[in-house]
$ cat model_1.cif   # mmCIF, C-alpha atoms and all ligand atoms
data_data
loop_
_atom_site.group_PDB
_atom_site.id
_atom_site.type_symbol
_atom_site.label_atom_id
_atom_site.label_comp_id
_atom_site.auth_asym_id
_atom_site.auth_seq_id
_atom_site.Cartn_x
_atom_site.Cartn_y
_atom_site.Cartn_z
ATOM 1 C CA MET A 1 -134.525 180.495 -26.727
ATOM 2 C CA THR A 2 -132.360 177.406 -26.125
ATOM 3 C CA PRO A 3 -134.555 174.483 -25.092
ATOM 4 C CA LEU A 4 -133.928 173.187 -21.572
ATOM 5 C CA TYR A 5 -131.646 170.189 -21.369
ATOM 6 C CA ARG A 6 -133.677 167.431 -19.727
ATOM 7 C CA PRO A 7 -131.606 164.476 -18.559
ATOM 8 C CA GLU A 8 -133.007 161.005 -19.119
ATOM 9 C CA LEU A 9 -132.251 158.452 -16.423
ATOM 10 C CA ARG A 10 -132.917 154.810 -17.130
ATOM 11 C CA MET A 11 -132.454 151.830 -14.824
ATOM 12 C CA ASP A 12 -132.887 148.554 -16.597
ATOM 13 C CA GLY A 13 -133.056 145.184 -14.836
ATOM 14 C CA VAL A 14 -130.677 146.086 -12.011
ATOM 15 C CA THR A 15 -129.860 143.427 -9.433
ATOM 16 C CA VAL A 16 -127.581 144.216 -6.494
ATOM 17 C CA THR A 17 -126.242 141.498 -4.213
ATOM 18 C CA TYR A 18 -124.035 142.512 -1.291
ATOM 19 C CA ASN A 19 -120.933 140.569 -0.256
ATOM 20 C CA ASN A 20 -122.889 138.781 2.460
ATOM 21 C CA GLY A 21 -125.092 137.262 -0.249
ATOM 22 C CA HIS A 22 -128.083 139.498 0.453
ATOM 23 C CA THR A 23 -129.886 140.607 -2.709
ATOM 24 C CA ALA A 24 -131.136 144.097 -1.921
ATOM 25 C CA LEU A 25 -132.476 144.846 -5.399
ATOM 26 C CA SER A 26 -133.715 142.429 -7.987
ATOM 27 C CA ASN A 27 -134.452 143.230 -11.626
ATOM 28 C CA ALA A 28 -135.292 146.864 -10.871
ATOM 29 C CA SER A 29 -136.300 149.076 -13.794
ATOM 30 C CA PHE A 30 -137.614 152.598 -14.231
ATOM 31 C CA HIS A 31 -137.247 155.559 -16.520
ATOM 32 C CA LEU A 32 -137.384 159.232 -15.587
ATOM 33 C CA CYS A 33 -136.878 162.470 -17.485
ATOM 34 C CA GLY A 34 -135.721 165.930 -16.414
ATOM 35 C CA GLY A 35 -138.337 168.398 -15.263
ATOM 36 C CA THR A 36 -139.624 165.820 -12.784
ATOM 37 C CA LEU A 37 -139.823 165.773 -9.015
ATOM 38 C CA CYS A 38 -140.171 162.101 -8.149
ATOM 39 C CA ALA A 39 -140.540 160.359 -4.789
ATOM 40 C CA LEU A 40 -138.792 157.038 -4.161
ATOM 41 C CA ILE A 41 -140.756 155.253 -1.479
ATOM 42 C CA GLY A 42 -140.525 151.925 0.274
ATOM 43 C CA MET A 43 -140.152 150.455 3.739
ATOM 44 C CA ASN A 44 -136.972 150.383 5.759
ATOM 45 C CA GLY A 45 -134.649 147.944 4.054
ATOM 46 C CA SER A 46 -136.623 147.948 0.793
ATOM 47 C CA GLY A 47 -133.564 149.038 -1.182
ATOM 48 C CA LYS A 48 -133.923 152.816 -1.577
ATOM 49 C CA SER A 49 -130.334 153.621 -0.624
ATOM 50 C CA THR A 50 -129.102 150.655 -2.647
ATOM 51 C CA LEU A 51 -130.962 151.999 -5.676
ATOM 52 C CA PHE A 52 -129.272 155.380 -5.162
ATOM 53 C CA LYS A 53 -125.887 153.698 -4.724
ATOM 54 C CA SER A 54 -126.317 151.819 -7.969
ATOM 55 C CA ILE A 55 -127.007 155.118 -9.763
ATOM 56 C CA LEU A 56 -123.980 156.687 -8.059
ATOM 57 C CA GLY A 57 -121.678 153.817 -8.974
ATOM 58 C CA MET A 58 -121.110 153.020 -5.289
ATOM 59 C CA VAL A 59 -122.255 149.429 -5.753
ATOM 60 C CA ARG A 60 -121.715 147.319 -8.822
ATOM 61 C CA PRO A 61 -124.904 145.633 -10.032
ATOM 62 C CA ALA A 62 -124.663 141.894 -10.597
ATOM 63 C CA ALA A 63 -126.990 142.449 -13.557
ATOM 64 C CA GLY A 64 -128.629 145.310 -15.385
ATOM 65 C CA THR A 65 -127.631 148.795 -16.442
ATOM 66 C CA VAL A 66 -128.061 152.395 -15.391
ATOM 67 C CA THR A 67 -127.753 155.033 -18.090
ATOM 68 C CA LEU A 68 -128.060 158.787 -18.310
ATOM 69 C CA ASP A 69 -128.941 160.071 -21.760
ATOM 70 C CA ASN A 70 -128.298 156.544 -23.085
ATOM 71 C CA LEU A 71 -124.691 156.537 -21.858
ATOM 72 C CA PRO A 72 -123.354 154.471 -18.957
ATOM 73 C CA VAL A 73 -123.929 156.373 -15.740
ATOM 74 C CA ALA A 74 -120.160 156.392 -15.050
ATOM 75 C CA ASP A 75 -119.817 158.993 -17.823
ATOM 76 C CA ALA A 76 -122.393 161.228 -16.170
ATOM 77 C CA LEU A 77 -120.668 160.839 -12.805
ATOM 78 C CA ARG A 78 -117.352 161.897 -14.344
ATOM 79 C CA LYS A 79 -119.075 164.983 -15.710
ATOM 80 C CA ASN A 80 -120.606 165.759 -12.294
ATOM 81 C CA LEU A 81 -124.085 165.549 -13.728
ATOM 82 C CA ILE A 82 -125.427 163.637 -10.722
ATOM 83 C CA ALA A 83 -125.520 165.253 -7.282
ATOM 84 C CA TYR A 84 -126.278 163.386 -4.078
ATOM 85 C CA VAL A 85 -127.655 164.566 -0.743
ATOM 86 C CA PRO A 86 -126.911 161.790 1.766
ATOM 87 C CA GLN A 87 -128.858 160.758 4.829
ATOM 88 C CA ALA A 88 -127.684 162.657 7.915
ATOM 89 C CA GLU A 89 -126.408 159.399 9.487
ATOM 90 C CA GLU A 90 -123.950 158.927 6.653
ATOM 91 C CA VAL A 91 -122.087 162.130 7.539
ATOM 92 C CA ASP A 92 -119.415 162.512 10.239
ATOM 93 C CA TRP A 93 -120.673 165.710 11.856
ATOM 94 C CA SER A 94 -117.682 165.863 14.225
ATOM 95 C CA PHE A 95 -115.339 166.369 11.273
ATOM 96 C CA PRO A 96 -113.896 169.894 11.641
ATOM 97 C CA VAL A 97 -115.056 171.587 8.476
ATOM 98 C CA LEU A 98 -116.885 174.842 7.800
ATOM 99 C CA VAL A 99 -120.266 175.082 6.110
ATOM 100 C CA ARG A 100 -118.716 177.035 3.217
ATOM 101 C CA ASP A 101 -116.062 174.355 2.668
ATOM 102 C CA VAL A 102 -118.628 171.536 2.524
ATOM 103 C CA VAL A 103 -120.541 173.447 -0.123
ATOM 104 C CA MET A 104 -117.287 174.054 -2.032
ATOM 105 C CA MET A 105 -116.836 170.252 -2.167
ATOM 106 C CA GLY A 106 -119.666 170.310 -4.700
ATOM 107 C CA ARG A 107 -117.252 172.115 -7.027
ATOM 108 C CA TYR A 108 -114.329 169.690 -6.600
ATOM 109 C CA GLY A 109 -115.276 167.654 -9.654
ATOM 110 C CA ALA A 110 -114.938 170.772 -11.805
ATOM 111 C CA MET A 111 -111.516 171.750 -10.350
ATOM 112 C CA SER A 112 -108.015 170.614 -11.166
ATOM 113 C CA PHE A 113 -106.302 168.226 -8.732
ATOM 114 C CA LEU A 114 -104.879 171.243 -6.821
ATOM 115 C CA ARG A 115 -108.440 172.177 -5.887
ATOM 116 C CA ILE A 116 -107.970 175.905 -6.110
ATOM 117 C CA PRO A 117 -111.437 177.440 -6.455
ATOM 118 C CA SER A 118 -111.948 179.853 -9.345
ATOM 119 C CA ALA A 119 -114.064 183.004 -9.116
ATOM 120 C CA ARG A 120 -116.796 180.989 -10.829
ATOM 121 C CA ASP A 121 -116.600 178.207 -8.201
ATOM 122 C CA LYS A 122 -116.873 180.819 -5.452
ATOM 123 C CA LYS A 123 -119.856 182.369 -7.180
ATOM 124 C CA TRP A 124 -121.720 179.044 -7.383
ATOM 125 C CA VAL A 125 -121.013 178.393 -3.711
ATOM 126 C CA GLU A 126 -122.208 181.840 -2.695
ATOM 127 C CA GLN A 127 -125.384 181.471 -4.743
ATOM 128 C CA ALA A 128 -126.078 178.030 -3.294
ATOM 129 C CA LEU A 129 -125.608 179.276 0.276
ATOM 130 C CA HIS A 130 -128.008 182.143 -0.352
ATOM 131 C CA ARG A 131 -130.566 179.842 -1.940
ATOM 132 C CA VAL A 132 -130.743 177.606 1.125
ATOM 133 C CA GLY A 133 -130.567 180.538 3.544
ATOM 134 C CA LEU A 134 -127.205 179.603 5.073
ATOM 135 C CA TRP A 135 -125.042 182.499 3.908
ATOM 136 C CA ASP A 136 -124.869 183.959 7.411
ATOM 137 C CA LEU A 137 -123.725 180.597 8.795
ATOM 138 C CA ARG A 138 -121.041 179.969 6.174
ATOM 139 C CA HIS A 139 -118.172 180.193 8.689
ATOM 140 C CA ARG A 140 -119.758 177.814 11.165
ATOM 141 C CA GLN A 141 -118.489 174.269 11.848
ATOM 142 C CA ILE A 142 -120.964 171.740 10.476
ATOM 143 C CA GLY A 143 -121.189 170.041 13.891
ATOM 144 C CA GLU A 144 -122.621 173.271 15.309
ATOM 145 C CA LEU A 145 -125.684 173.246 13.056
ATOM 146 C CA SER A 146 -129.241 172.151 13.763
ATOM 147 C CA GLY A 147 -130.703 169.124 11.973
ATOM 148 C CA GLY A 148 -132.559 171.267 9.428
ATOM 149 C CA GLN A 149 -129.486 173.412 8.763
ATOM 150 C CA ARG A 150 -127.417 170.267 8.219
ATOM 151 C CA LYS A 151 -129.830 169.097 5.528
ATOM 152 C CA ARG A 152 -129.569 172.476 3.859
ATOM 153 C CA VAL A 153 -125.761 172.375 3.795
ATOM 154 C CA PHE A 154 -125.794 169.233 1.691
ATOM 155 C CA LEU A 155 -128.541 170.564 -0.519
ATOM 156 C CA ALA A 156 -126.344 173.628 -1.067
ATOM 157 C CA ARG A 157 -123.420 171.341 -1.931
ATOM 158 C CA ALA A 158 -125.616 169.628 -4.545
ATOM 159 C CA LEU A 159 -126.757 173.014 -5.890
ATOM 160 C CA ALA A 160 -123.159 174.231 -6.153
ATOM 161 C CA GLN A 161 -122.277 171.090 -8.081
ATOM 162 C CA GLN A 162 -124.774 172.134 -10.763
ATOM 163 C CA GLY A 163 -125.744 168.507 -11.330
ATOM 164 C CA ARG A 164 -128.737 167.953 -13.580
ATOM 165 C CA VAL A 165 -129.877 164.895 -11.642
ATOM 166 C CA MET A 166 -130.261 165.222 -7.902
ATOM 167 C CA LEU A 167 -130.701 162.283 -5.546
ATOM 168 C CA LEU A 168 -131.838 163.139 -2.014
ATOM 169 C CA ASP A 169 -131.932 160.479 0.681
ATOM 170 C CA GLU A 170 -134.576 161.286 3.321
ATOM 171 C CA PRO A 171 -134.134 165.068 3.094
ATOM 172 C CA PHE A 172 -137.138 165.840 5.291
ATOM 173 C CA THR A 173 -136.385 163.553 8.231
ATOM 174 C CA GLY A 174 -136.066 165.590 11.404
ATOM 175 C CA VAL A 175 -136.716 168.982 9.830
ATOM 176 C CA ASP A 176 -139.437 171.388 10.915
ATOM 177 C CA VAL A 177 -142.352 172.315 8.673
ATOM 178 C CA GLN A 178 -140.839 175.666 7.748
ATOM 179 C CA THR A 179 -137.551 174.095 6.623
ATOM 180 C CA GLU A 180 -139.450 171.409 4.737
ATOM 181 C CA ASP A 181 -141.386 174.119 2.885
ATOM 182 C CA ILE A 182 -138.130 175.873 1.982
ATOM 183 C CA LEU A 183 -136.590 172.629 0.717
ATOM 184 C CA ILE A 184 -139.679 171.709 -1.304
ATOM 185 C CA GLY A 185 -139.802 175.199 -2.822
ATOM 186 C CA LEU A 186 -136.177 174.816 -3.875
ATOM 187 C CA LEU A 187 -136.726 171.360 -5.346
ATOM 188 C CA ARG A 188 -139.732 172.616 -7.302
ATOM 189 C CA SER A 189 -137.774 175.473 -8.791
ATOM 190 C CA LEU A 190 -134.979 173.070 -9.798
ATOM 191 C CA ARG A 191 -137.590 170.814 -11.384
ATOM 192 C CA ASP A 192 -138.959 173.783 -13.314
ATOM 193 C CA GLN A 193 -135.440 174.448 -14.619
ATOM 194 C CA GLY A 194 -135.369 170.938 -16.118
ATOM 195 C CA HIS A 195 -133.551 169.064 -13.347
ATOM 196 C CA LEU A 196 -134.517 165.534 -12.459
ATOM 197 C CA ILE A 197 -135.044 165.259 -8.700
ATOM 198 C CA LEU A 198 -135.423 161.892 -6.991
ATOM 199 C CA VAL A 199 -136.309 162.039 -3.299
ATOM 200 C CA ALA A 200 -136.206 158.934 -1.101
ATOM 201 C CA SER A 201 -138.732 159.475 1.646
ATOM 202 C CA HIS A 202 -140.748 157.778 4.358
ATOM 203 C CA ASP A 203 -143.049 160.762 4.551
ATOM 204 C CA LEU A 204 -145.948 159.535 2.484
ATOM 205 C CA ALA A 205 -148.268 162.336 3.560
ATOM 206 C CA GLY A 206 -146.638 165.098 1.521
ATOM 207 C CA ILE A 207 -146.025 163.149 -1.665
ATOM 208 C CA PRO A 208 -149.245 163.928 -3.560
ATOM 209 C CA GLU A 209 -148.678 167.640 -2.924
ATOM 210 C CA TYR A 210 -145.082 168.076 -3.931
ATOM 211 C CA CYS A 211 -144.234 165.237 -6.334
ATOM 212 C CA ASP A 212 -145.157 164.655 -9.975
ATOM 213 C CA ARG A 213 -144.195 161.006 -10.059
ATOM 214 C CA VAL A 214 -143.466 158.167 -7.708
ATOM 215 C CA VAL A 215 -141.277 155.054 -7.802
ATOM 216 C CA MET A 216 -142.391 152.444 -5.249
ATOM 217 C CA ILE A 217 -139.934 149.759 -4.256
ATOM 218 C CA ASN A 218 -139.809 146.596 -2.250
ATOM 219 C CA ARG A 219 -136.555 144.940 -3.281
ATOM 220 C CA THR A 220 -137.600 145.759 -6.830
ATOM 221 C CA VAL A 221 -139.605 148.474 -8.543
ATOM 222 C CA MET A 222 -143.190 147.482 -7.805
ATOM 223 C CA ALA A 223 -144.833 150.503 -9.435
ATOM 224 C CA ALA A 224 -143.722 153.694 -11.109
ATOM 225 C CA GLY A 225 -145.599 156.510 -12.772
ATOM 226 C CA PRO A 226 -147.501 159.753 -12.246
ATOM 227 C CA VAL A 227 -148.525 160.335 -8.642
ATOM 228 C CA ASP A 228 -152.253 160.565 -9.346
ATOM 229 C CA THR A 229 -152.424 157.137 -10.979
ATOM 230 C CA THR A 230 -149.652 155.314 -9.110
ATOM 231 C CA PHE A 231 -149.779 156.571 -5.523
ATOM 232 C CA THR A 232 -152.897 154.549 -4.850
ATOM 233 C CA ARG A 233 -154.174 152.469 -1.967
ATOM 234 C CA GLN A 234 -153.654 149.244 -3.907
ATOM 235 C CA ASN A 235 -150.053 150.003 -4.722
ATOM 236 C CA LEU A 236 -149.276 151.223 -1.216
ATOM 237 C CA GLU A 237 -150.693 147.983 0.167
ATOM 238 C CA ARG A 238 -148.569 145.967 -2.246
ATOM 239 C CA VAL A 239 -145.448 147.889 -1.351
ATOM 240 C CA PHE A 240 -145.912 148.338 2.379
ATOM 241 C CA GLY A 241 -147.702 145.082 2.915
ATOM 242 C CA GLY A 242 -149.591 146.117 6.064
ATOM 243 C CA ALA A 243 -153.044 147.401 6.863
ATOM 244 C CA LEU A 244 -153.476 150.871 5.415
ATOM 245 C CA ARG A 245 -155.861 153.680 6.195
ATOM 246 C CA LEU A 246 -155.243 156.082 3.424
ATOM 247 C CA GLY A 247 -158.044 158.610 3.444
ATOM 248 C CA THR A 248 -159.019 159.717 -0.019
ATOM 249 C CA LEU A 249 -156.516 157.901 -2.204
ATOM 250 C CA PRO A 250 -157.941 156.457 -5.435
ATOM 251 C CA GLU A 251 -159.199 152.886 -5.103
ATOM 252 C CA HIS A 252 -158.645 151.577 -8.580
ATOM 253 C CA PRO A 253 -155.470 149.989 -9.836
ATOM 254 C CA PRO A 254 -153.483 152.454 -11.877
ATOM 255 C CA THR A 255 -153.271 151.868 -15.584
ATOM 256 C CA ALA A 256 -149.746 153.305 -15.330
ATOM 257 C CA LEU A 257 -148.629 149.971 -13.942
ATOM 258 C CA ALA A 258 -149.376 148.280 -17.194
ATOM 259 C CA THR A 259 -148.985 151.042 -19.736
ATOM 260 C CA THR A 260 -146.301 153.466 -20.690
ATOM 261 C CA GLY A 261 -146.655 156.685 -22.565
ATOM 262 C CA ALA A 262 -144.227 159.369 -23.596
ATOM 263 C CA GLY A 263 -141.842 159.882 -20.712
ATOM 264 C CA ALA A 264 -143.698 157.315 -18.644
ATOM 265 C CA ASP A 265 -141.992 155.049 -16.180
ATOM 266 C CA ILE A 266 -141.949 151.317 -16.293
ATOM 267 C CA GLY A 267 -142.336 149.307 -13.121
ATOM 268 C CA THR A 268 -141.224 145.715 -13.339
ATOM 269 C CA GLY A 269 -139.905 142.901 -11.229
ATOM 270 C CA ASN A 270 -140.750 140.585 -8.402
ATOM 271 C CA ALA A 271 -143.906 141.522 -6.635
ATOM 272 C CA ASP A 272 -143.444 138.593 -4.269
ATOM 273 C CA ALA A 273 -140.267 139.784 -2.607
ATOM 274 C CA ASP A 274 -140.072 138.541 0.965
ATOM 275 C CA VAL A 275 -139.121 141.476 3.159
ATOM 276 C CA ASP A 276 -138.833 141.989 6.888
ATOM 277 C CA ILE A 277 -141.323 144.727 7.687
ATOM 278 C CA ASP A 278 -139.840 146.997 10.295
ATOM 279 C CA VAL A 279 -141.668 150.165 9.474
ATOM 280 C CA ASP A 280 -144.390 151.761 11.541
ATOM 281 C CA VAL A 281 -145.392 154.936 9.793
ATOM 282 C CA ASP A 282 -148.025 157.128 11.353
ATOM 283 C CA VAL A 283 -148.558 160.328 9.480
ATOM 284 C CA ASP A 284 -151.454 162.710 8.927
ATOM 285 C CA GLY A 285 -154.381 160.821 7.490
ATOM 286 C CA MET A 286 -152.364 157.655 6.982
ATOM 287 C CA LYS A 287 -151.477 154.797 9.205
ATOM 288 C CA ILE A 288 -149.356 151.935 7.972
ATOM 289 C CA ARG A 289 -148.821 149.012 10.233
ATOM 290 C CA PRO A 290 -146.831 145.905 9.504
HETATM 291 N N1 LIG A 301 -123.291 146.998 2.721
HETATM 292 C C1 LIG A 301 -124.280 146.117 2.900
HETATM 293 N N2 LIG A 301 -123.986 144.802 3.064
HETATM 294 C C2 LIG A 301 -124.973 143.905 3.227
HETATM 295 N N3 LIG A 301 -126.300 144.208 3.236
HETATM 296 C C3 LIG A 301 -126.638 145.485 3.076
HETATM 297 C C4 LIG A 301 -125.645 146.508 2.896
HETATM 298 N N4 LIG A 301 -126.282 147.690 2.768
HETATM 299 C C5 LIG A 301 -127.597 147.427 2.853
HETATM 300 N N5 LIG A 301 -127.807 146.109 3.044
HETATM 301 C C6 LIG A 301 -129.103 145.434 3.157
HETATM 302 O O1 LIG A 301 -129.797 145.647 1.939
HETATM 303 C C7 LIG A 301 -131.179 145.907 2.207
HETATM 304 C C8 LIG A 301 -131.548 147.236 1.592
HETATM 305 O O2 LIG A 301 -130.881 148.249 2.305
HETATM 306 P P1 LIG A 301 -131.043 149.789 1.927
HETATM 307 O O3 LIG A 301 -130.144 150.555 2.822
HETATM 308 O O4 LIG A 301 -130.884 149.931 0.465
HETATM 309 O O5 LIG A 301 -132.582 150.031 2.293
HETATM 310 P P2 LIG A 301 -133.391 151.395 2.477
HETATM 311 O O6 LIG A 301 -134.678 151.206 1.770
HETATM 312 O O7 LIG A 301 -132.544 152.551 2.066
HETATM 313 O O8 LIG A 301 -133.622 151.399 4.042
HETATM 314 P P3 LIG A 301 -133.902 152.628 5.059
HETATM 315 O O9 LIG A 301 -135.255 153.173 4.728
HETATM 316 O O10 LIG A 301 -133.885 151.935 6.380
HETATM 317 O O11 LIG A 301 -132.795 153.630 4.895
HETATM 318 C C9 LIG A 301 -131.346 145.844 3.711
HETATM 319 O O12 LIG A 301 -131.842 144.560 4.045
HETATM 320 C C10 LIG A 301 -129.954 146.049 4.255
HETATM 321 O O13 LIG A 301 -129.766 145.383 5.484
#
$ encode --input "model_1.cif" --output "structure tokens" --more "lines below"
Ligand SMILES: Nc1ncnc2c1ncn2[C@@H]1O[C@H](COP(=O)(O)OP(=O)(O)OP(=O)(O)O)[C@@H](O)[C@H]1O
Amino acid sequence: MTPLYRPELRMDGVTVTYNNGHTALSNASFHLCGGTLCALIGMNGSGKSTLFKSILGMVRPAAGTVTLDNLPVADALRKNLIAYVPQAEEVDWSFPVLVRDVVMMGRYGAMSFLRIPSARDKKWVEQALHRVGLWDLRHRQIGELSGGQRKRVFLARALAQQGRVMLLDEPFTGVDVQTEDILIGLLRSLRDQGHLILVASHDLAGIPEYCDRVVMINRTVMAAGPVDTTFTRQNLERVFGGALRLGTLPEHPPTALATTGAGADIGTGNADADVDIDVDVDVDGMKIRP
């Protein structure tokens, strides 16, 4: 049997400064391999979207590199290896386009400039729509969908793209529990097929259940590693900065912060980043106050 291809994503010392002089990420580093479902967590404004944008080539780092399989990430983007599911706010839902056509956009990178879908493109789109349960709504305008259905359209677009790395920005915001379960089930099965899934999320409560690893950021990568050793009270306090009531999370500092093993992640950078705390998360068993 052919071994699964497992992409290897590496961010090394990335600093991003926007035109207004604001440094949103400073010396951020981590390393992730395929077959992983990883949460990217941090407060509002901590740099999660900026980190995604630097992987997607949408911002140019002032320093540092992002590579996939040891090649500059631009190569991987040209080969459509990286799929992106944006935050709902980034999409113009009034744009007159059908669900099916949005999902077909995932195939554009594989088409010629005339963008005439092949039978294979149509097959991927059909499969993706079935996988997210939107086949029956394929002829609907995207503006006529519910919040949960909207999330699923963009997940279907990413599935149709057949990218091996998938970046999802807040995929569970505003979706009901049933939709969240469907999305998590899908992400798990992609992980099991060797994909690398990185999910930016504010929803800390679900992370220990559905993720293998976590990258915690606050203008830099403050901690990264397996969930059971990294998603700890101490690290959450360092990253979120406020008073935490975290139920049964492990007390002791994770060794993963200081050590790396095969396929392990490396968290580095400024732990003293000065960030405006504008988050007030209140989720089952956890309360985080600035
Ligand atoms: N285009 C931009 N120009 C200037 N500053 C920006 C720009 N985009 C983001 N920022 C700033 O960079 C910081 C990081 O923003 P980013 O969107 O990456 O955070 P985030 O963690 O994704 O936040 P949220 O959880 O609210 O989505 C913020 O202080 C933000 O105001």
$ residues_around --input "model_1.cif" --residues "stretch 149-155 of chain A" --least-positions-apart "4" --cutoff "6 Å" --atoms "all atoms listed in the file" --output "MDAnalysis selection string"
chainID A and resid 85 132 145
$ resolve_selection --input "model_1.cif" --expression "the PyMOL selection byres (((chain A and resi 58) around 12) and not hetatm)" --output "short mmCIF file (atom, residue, chain, number, x, y, z; two decimals) with C-alpha atoms, keeping the file's coordinate frame"
data_model
loop_
_atom_site.label_atom_id
_atom_site.label_comp_id
_atom_site.auth_asym_id
_atom_site.auth_seq_id
_atom_site.Cartn_x
_atom_site.Cartn_y
_atom_site.Cartn_z
CA VAL A 16 -127.58 144.22 -6.49
CA TYR A 18 -124.04 142.51 -1.29
CA SER A 49 -130.33 153.62 -0.62
CA THR A 50 -129.10 150.66 -2.65
CA LEU A 51 -130.96 152.00 -5.68
CA PHE A 52 -129.27 155.38 -5.16
CA LYS A 53 -125.89 153.70 -4.72
CA SER A 54 -126.32 151.82 -7.97
CA ILE A 55 -127.01 155.12 -9.76
CA LEU A 56 -123.98 156.69 -8.06
CA GLY A 57 -121.68 153.82 -8.97
CA VAL A 59 -122.26 149.43 -5.75
CA ARG A 60 -121.72 147.32 -8.82
CA PRO A 61 -124.90 145.63 -10.03
CA VAL A 73 -123.93 156.37 -15.74
CA ALA A 74 -120.16 156.39 -15.05
CA LEU A 77 -120.67 160.84 -12.80
CA TYR A 84 -126.28 163.39 -4.08
#
$ resolve_selection --input "model_1.cif" --expression "the PyMOL selection byres (((chain A and resi 175-192) around 8) and not hetatm)" --output "PyMOL selection string"
chain A and resi 34-37+131-132+147-148+152+172-174+193-197+210
$ write_last_selection --input "model_1.cif" --atoms "C-alpha atoms" --output "compact mmCIF listing (two decimals), keeping the file's coordinate frame"
# COMPACT_ATOMS: atom_id res chain seq x y z
CA GLY A 34 -135.72 165.93 -16.41
CA GLY A 35 -138.34 168.40 -15.26
CA THR A 36 -139.62 165.82 -12.78
CA LEU A 37 -139.82 165.77 -9.02
CA ARG A 131 -130.57 179.84 -1.94
CA VAL A 132 -130.74 177.61 1.12
CA GLY A 147 -130.70 169.12 11.97
CA GLY A 148 -132.56 171.27 9.43
CA ARG A 152 -129.57 172.48 3.86
CA PHE A 172 -137.14 165.84 5.29
CA THR A 173 -136.38 163.55 8.23
CA GLY A 174 -136.07 165.59 11.40
CA GLN A 193 -135.44 174.45 -14.62
CA GLY A 194 -135.37 170.94 -16.12
CA HIS A 195 -133.55 169.06 -13.35
CA LEU A 196 -134.52 165.53 -12.46
CA ILE A 197 -135.04 165.26 -8.70
CA TYR A 210 -145.08 168.08 -3.93
$ closest_atom_pairs --input "model_1.cif" --of "chain A" --to "ligand LIG 301 (chain A)" --cutoff "6 Å" --atoms "all atoms listed in the file" --output "tab-separated table"
residue	atom	partner	partner_atom	distance
A:Tyr18	CA	A:LIG301	C2	4.8
A:Asn20	CA	A:LIG301	C2	5.6
A:His22	CA	A:LIG301	N3	5.8
A:Ala24	CA	A:LIG301	O1	4.4
A:Met43	CA	A:LIG301	O9	5.7
A:Asn44	CA	A:LIG301	O9	3.4
A:Gly45	CA	A:LIG301	O5	3.4
A:Ser46	CA	A:LIG301	O6	3.9
A:Gly47	CA	A:LIG301	O4	3.3
A:Lys48	CA	A:LIG301	O6	3.8
A:Ser49	CA	A:LIG301	O7	3.6
A:Thr50	CA	A:LIG301	O4	3.7
$ residues_around --input "model_1.cif" --residues "stretch 94-101 of chain A" --least-positions-apart "3" --cutoff "12 Å" --atoms "all atoms listed in the file" --output "JSON, numbers by chain"
{"A": [89, 91, 104, 105, 106, 107, 108, 115, 117, 121, 122, 123, 124, 125, 126, 127, 128, 129, 130, 132, 133, 134, 135, 136, 137, 138, 139, 140, 141, 142, 143, 144, 145, 149, 150, 151, 152, 153, 154, 155, 156, 157, 160]}
$ closest_residue --input "model_1.cif" --among "A:Leu168, A:Ala88, A:Cys33, A:Leu159" --to "A:Asp69" --atoms "all atoms listed in the file"
A:Cys33
